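Right, one structure below, let's go through it.
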Number of protein chains: 2
Amino acid sequence: MQVRIMKAFIEEIHNKGMKFTMDDLARRLGISKRTLYEHFPSKIDILDTIIEQTLAEFDEKTEKIIQDDQLSLLEKIKSVITVVPKYNEFYDLRILEQMKRFYPEQWERIHNALNQWDALRELIEQGIREGLIVERNVQLIMKLIIDATNSALDRRFFLENSITVSDALNSIVDILLFGLINSSPEK
Amino acid sequence: MQVRIMKAFIEEIHNKGMKFTMDDLARRLGISKRTLYEHFPSKIDILDTIIEQTLAEFDEKTEKIIQDDQLSLLEKIKSVITVVPKYNEFYDLRILEQMKRFYPEQWERIHNALNQWDALRELIEQGIREGLIVERNVQLIMKLIIDATNSALDRRFFLENSITVSDALNSIVDILLFGLINSSPEK
DNA sequence: ATAAAACTATTTTTGTTTATTTAGTTTACA
DNA sequence: TGTAAACTAAATAAACAAAAATAGTTTTAT
């Protein structure tokens, strides 16, 4: 039931943005507010739980990739960057902007998560040490990767150009890793 | 004198953000408001002139690069991306945020200029046709380049990491063009 | 137990008035 | 001719009150 509520919560966000009422949510779920409050003590609590779970799930996926001995460092870097969080429609620039206004604490938590990415930085540093990655300012590399992947949060852009988020992320990673220049000889 | 005023204008912005008075500006210049208004009819007019001139100068530099027969397509692309506008301290995220609030029209003009970049798109398209650039969605490539170069507007980041804007832009372009992966065999 | 609706205590929003700031002008004076 | 300072009209912000919306609770009925 908790999951049903969280899904409906995200559906509401998707339709009306961050500004919807608990009455809306109960109506969408076809349950009474009373029942709703049996499962979550407060509105913010639902939001916190969603954030908590998606970030945790994101970290798990990342950790699993890092621990996977089958993967080369390059594959690990590639995979880690292209991890897409559950409820990914939730991570949308438009939504985040509203969240910054109405739930600044929650926004900050997401913002930090999106701009830290320590696991990736360690992989990049390892990559540099091993000569896999070009030797440049790590902070700058991180900023570039983060900014590039964060542009995948601009759902409007992808909708307008009918590209899926996953396709976009894959393209972005390929370009970041191997560059825009065609190194292979012409066919 | 117009130039002196514009420079002082930018200095004021640099110190106090977009919110400074014409009295501040006159004081900084050591002239009276009366004299100030002899040279510019209004405050917005100074701002408009600065924007006008920097954008025009940016376009000129770009055009010169494109017309230069000495340069290969690759060199052209690289050069065009790394063009830095005059008064570049003016193009700073923090400032632009304030400009969006206090001078929305002017902000939009800059915003459009920063997010259009038709000259570059044509070079990229040519690059794809000629097989120089990887064959991917042009819009996505453009978005990636624009987002990446726009992160050079985040002056705080560069200050904190003591990187100059030019260095950063050069690094960014190199990475975008040739990728993070070291293609050359280890030394 | 659960839904539906009524209820309440807060928060948010909206509108209004007042006070402050400031762009642009005018005046006085060197 | 140009500075400094005073001035004004307009915009901006601050303060406040009234109104509306809504999170969370309670009641009623099934």
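Starting from 1 in every chain, residues are counted up; chains themselves are A, B, ... following the order of the structure tokens, and ligands are numbered from 1 as listed.
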List as a tab-separated table every residue of chain D that is in contact with range 5-21 of chain C, defined as an atom at most 12 Å from one of its atoms (using only C-alpha atoms (C1' of nucleotides)), together with the nearest atom pair and the distance in Å rounded to one decimal, sorted by chain and then rising number.
residue	atom	partner	partner_atom	distance
D:DA10	C1'	C:DT21	C1'	10.5
D:DA11	C1'	C:DT21	C1'	8.5
D:DT12	C1'	C:DT21	C1'	7.0
D:DA13	C1'	C:DT20	C1'	7.3
D:DA14	C1'	C:DA19	C1'	7.4
D:DA15	C1'	C:DT18	C1'	7.8
D:DC16	C1'	C:DT17	C1'	8.1
D:DA17	C1'	C:DT16	C1'	8.4
D:DA18	C1'	C:DG15	C1'	8.2
D:DA19	C1'	C:DT14	C1'	7.5
D:DA20	C1'	C:DT13	C1'	7.1
D:DA21	C1'	C:DT12	C1'	7.2
D:DT22	C1'	C:DT11	C1'	8.0
D:DA23	C1'	C:DT10	C1'	8.3
D:DG24	C1'	C:DT8	C1'	9.3
D:DT25	C1'	C:DC7	C1'	8.1
D:DT26	C1'	C:DC7	C1'	7.4
D:DT27	C1'	C:DA6	C1'	7.6
D:DT28	C1'	C:DA5	C1'	8.5
D:DA29	C1'	C:DA5	C1'	10.3
Go ahead and save the residues from that selection, with C-alpha atoms (C1' of nucleotides), as a PDB file, in the first residue's frame.
ATOM      1  C1'  DA D  10       7.532  56.385 -10.218  1.00  0.00           C
ATOM      2  C1'  DA D  11       8.746  51.970  -8.934  1.00  0.00           C
ATOM      3  C1'  DT D  12       9.924  48.779  -5.339  1.00  0.00           C
ATOM      4  C1'  DA D  13       9.712  46.825  -1.029  1.00  0.00           C
ATOM      5  C1'  DA D  14       7.881  46.250   3.732  1.00  0.00           C
ATOM      6  C1'  DA D  15       4.112  45.733   6.818  1.00  0.00           C
ATOM      7  C1'  DC D  16      -0.110  44.420   7.652  1.00  0.00           C
ATOM      8  C1'  DA D  17      -4.750  42.509   7.422  1.00  0.00           C
ATOM      9  C1'  DA D  18      -8.212  39.771   5.350  1.00  0.00           C
ATOM     10  C1'  DA D  19      -9.408  35.755   2.731  1.00  0.00           C
ATOM     11  C1'  DA D  20      -8.664  31.266   0.931  1.00  0.00           C
ATOM     12  C1'  DA D  21      -6.615  26.886   0.892  1.00  0.00           C
ATOM     13  C1'  DT D  22      -5.198  22.851   2.994  1.00  0.00           C
ATOM     14  C1'  DA D  23      -2.796  19.348   6.325  1.00  0.00           C
ATOM     15  C1'  DG D  24      -4.269  16.687   9.625  1.00  0.00           C
ATOM     16  C1'  DT D  25      -8.319  15.251  13.010  1.00  0.00           C
ATOM     17  C1'  DT D  26     -12.698  13.971  14.367  1.00  0.00           C
ATOM     18  C1'  DT D  27     -17.405  12.517  13.655  1.00  0.00           C
ATOM     19  C1'  DT D  28     -20.960   9.854  11.427  1.00  0.00           C
ATOM     20  C1'  DA D  29     -22.585   6.277   9.007  1.00  0.00           C
TER      21       DA D  29
END
| task | Extract, using only C-alpha atoms (C1' of nucleotides), all DNA, RNA and protein residues at most 9 Å from DA23 in chain C, discarding same-chain residues fewer than 6 positions from it, and format them as a ChimeraX atom specification. | result | /B:21-22,42-43 /D:10
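One distance worth recording is that between CA of Lys143 in chain B and CA of Leu159 in chain B, which is 25.0 Å.
Pairwise distance (CA of Tyr91 in chain A, CA of Lys19 in chain A) equals 15.8 Å.
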| query | Just asking: which residues within range 8-91 of chain A are helix (DSSP H, G or I) according to DSSP, as a VMD selection string? | reply | chain A and resid 8 to 16 22 to 29 33 to 39 43 to 67 73 to 81 88 to 90
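Put simply, CA of Leu74 in chain A is 25.1 Å away from CA of Met142 in chain B.
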| said: as a ChimeraX atom specification, please: the residues near Arg136 in chain B (cut-off 9 Å, only C-alpha atoms (C1' of nucleotides), same-chain neighbours under 5 positions excluded). | reply: /A:171 /B:128,141
| request: For range 105-112 of chain B, please output as a ChimeraX atom specification all residues within 10 Å (counting only C-alpha atoms (C1' of nucleotides); exclusion window: fewer than 5 positions along the same chain). | output: /B:44,47-48,51-52,55,91,95-100,117
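Counting only C-alpha atoms (C1' of nucleotides), Ser32 in chain B has the following residues at most 9 Å away, ignoring those fewer than 5 positions along the same chain: Asp23, Ala26, Arg27 and Tyr37 of chain B; DG2, DT3 and DA4 of chain D.
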Next, the residues of the selection above should be written as a CSV table (one decimal), in the first residue's frame with C-alpha atoms (C1' of nucleotides).
chain,number,residue,atom,x,y,z
B,23,ASP,CA,24.4,57.4,-7.9
B,26,ALA,CA,28.4,58.2,-10.9
B,27,ARG,CA,30.4,58.2,-7.7
B,37,TYR,CA,23.0,61.2,-18.4
D,2,DG,C1',30.6,70.4,-15.0
D,3,DT,C1',29.9,69.1,-9.9
D,4,DA,C1',27.1,68.6,-6.0
Give me, as a tab-separated table, the closest atom pair and its distance (Å, one decimal) for every residue of chain B within a cut-off of 10 Å of chain D, counting only C-alpha atoms (C1' of nucleotides), rows sorted by chain and rising number.
residue	atom	partner	partner_atom	distance
B:Gly30	CA	D:DT3	C1'	9.5
B:Ile31	CA	D:DT3	C1'	7.3
B:Ser32	CA	D:DT3	C1'	5.9
B:Lys33	CA	D:DT3	C1'	9.1
B:Arg34	CA	D:DG2	C1'	8.4
B:Thr35	CA	D:DG2	C1'	7.3
Would you put the residues from that selection into a file with N, CA and C atoms, as a compact mmCIF listing (two decimals), in the first residue's frame?
# COMPACT_ATOMS: atom_id res chain seq x y z
N GLY B 30 33.41 59.20 -10.60
CA GLY B 30 33.86 60.53 -10.21
C GLY B 30 33.24 61.62 -11.06
N ILE B 31 32.07 61.37 -11.57
CA ILE B 31 31.36 62.39 -12.34
C ILE B 31 29.98 62.56 -11.73
N SER B 32 29.30 63.59 -12.14
CA SER B 32 27.95 63.80 -11.60
C SER B 32 26.94 63.02 -12.44
N LYS B 33 25.80 62.81 -11.84
CA LYS B 33 24.75 62.10 -12.58
C LYS B 33 24.41 62.87 -13.85
N ARG B 34 24.40 64.18 -13.70
CA ARG B 34 24.11 65.03 -14.85
C ARG B 34 24.97 64.61 -16.04
N THR B 35 26.28 64.56 -15.82
CA THR B 35 27.21 64.19 -16.88
C THR B 35 26.96 62.77 -17.38
| task | Taking only C-alpha atoms into account, report as a ChimeraX atom specification which residues of chain B lie within 7 Å of chain A. | result | /B:131-134,144,147-148,175-182,186
| task | Identify all chain C residues at most 9 Å from chain A by counting only C-alpha atoms (C1' of nucleotides); ligands do not count. Present them as a PyMOL selection string. | result | chain C and resi 2-4
| request: Find the spatial neighbours of Leu29 in chain A, counting only C-alpha atoms (C1' of nucleotides), within a cut-off of 10 Å - ignore same-chain residues fewer than 4 positions away - and output them as number ranges by chain. | output: A: 4-5, 7-9, 23-25, 33, 36
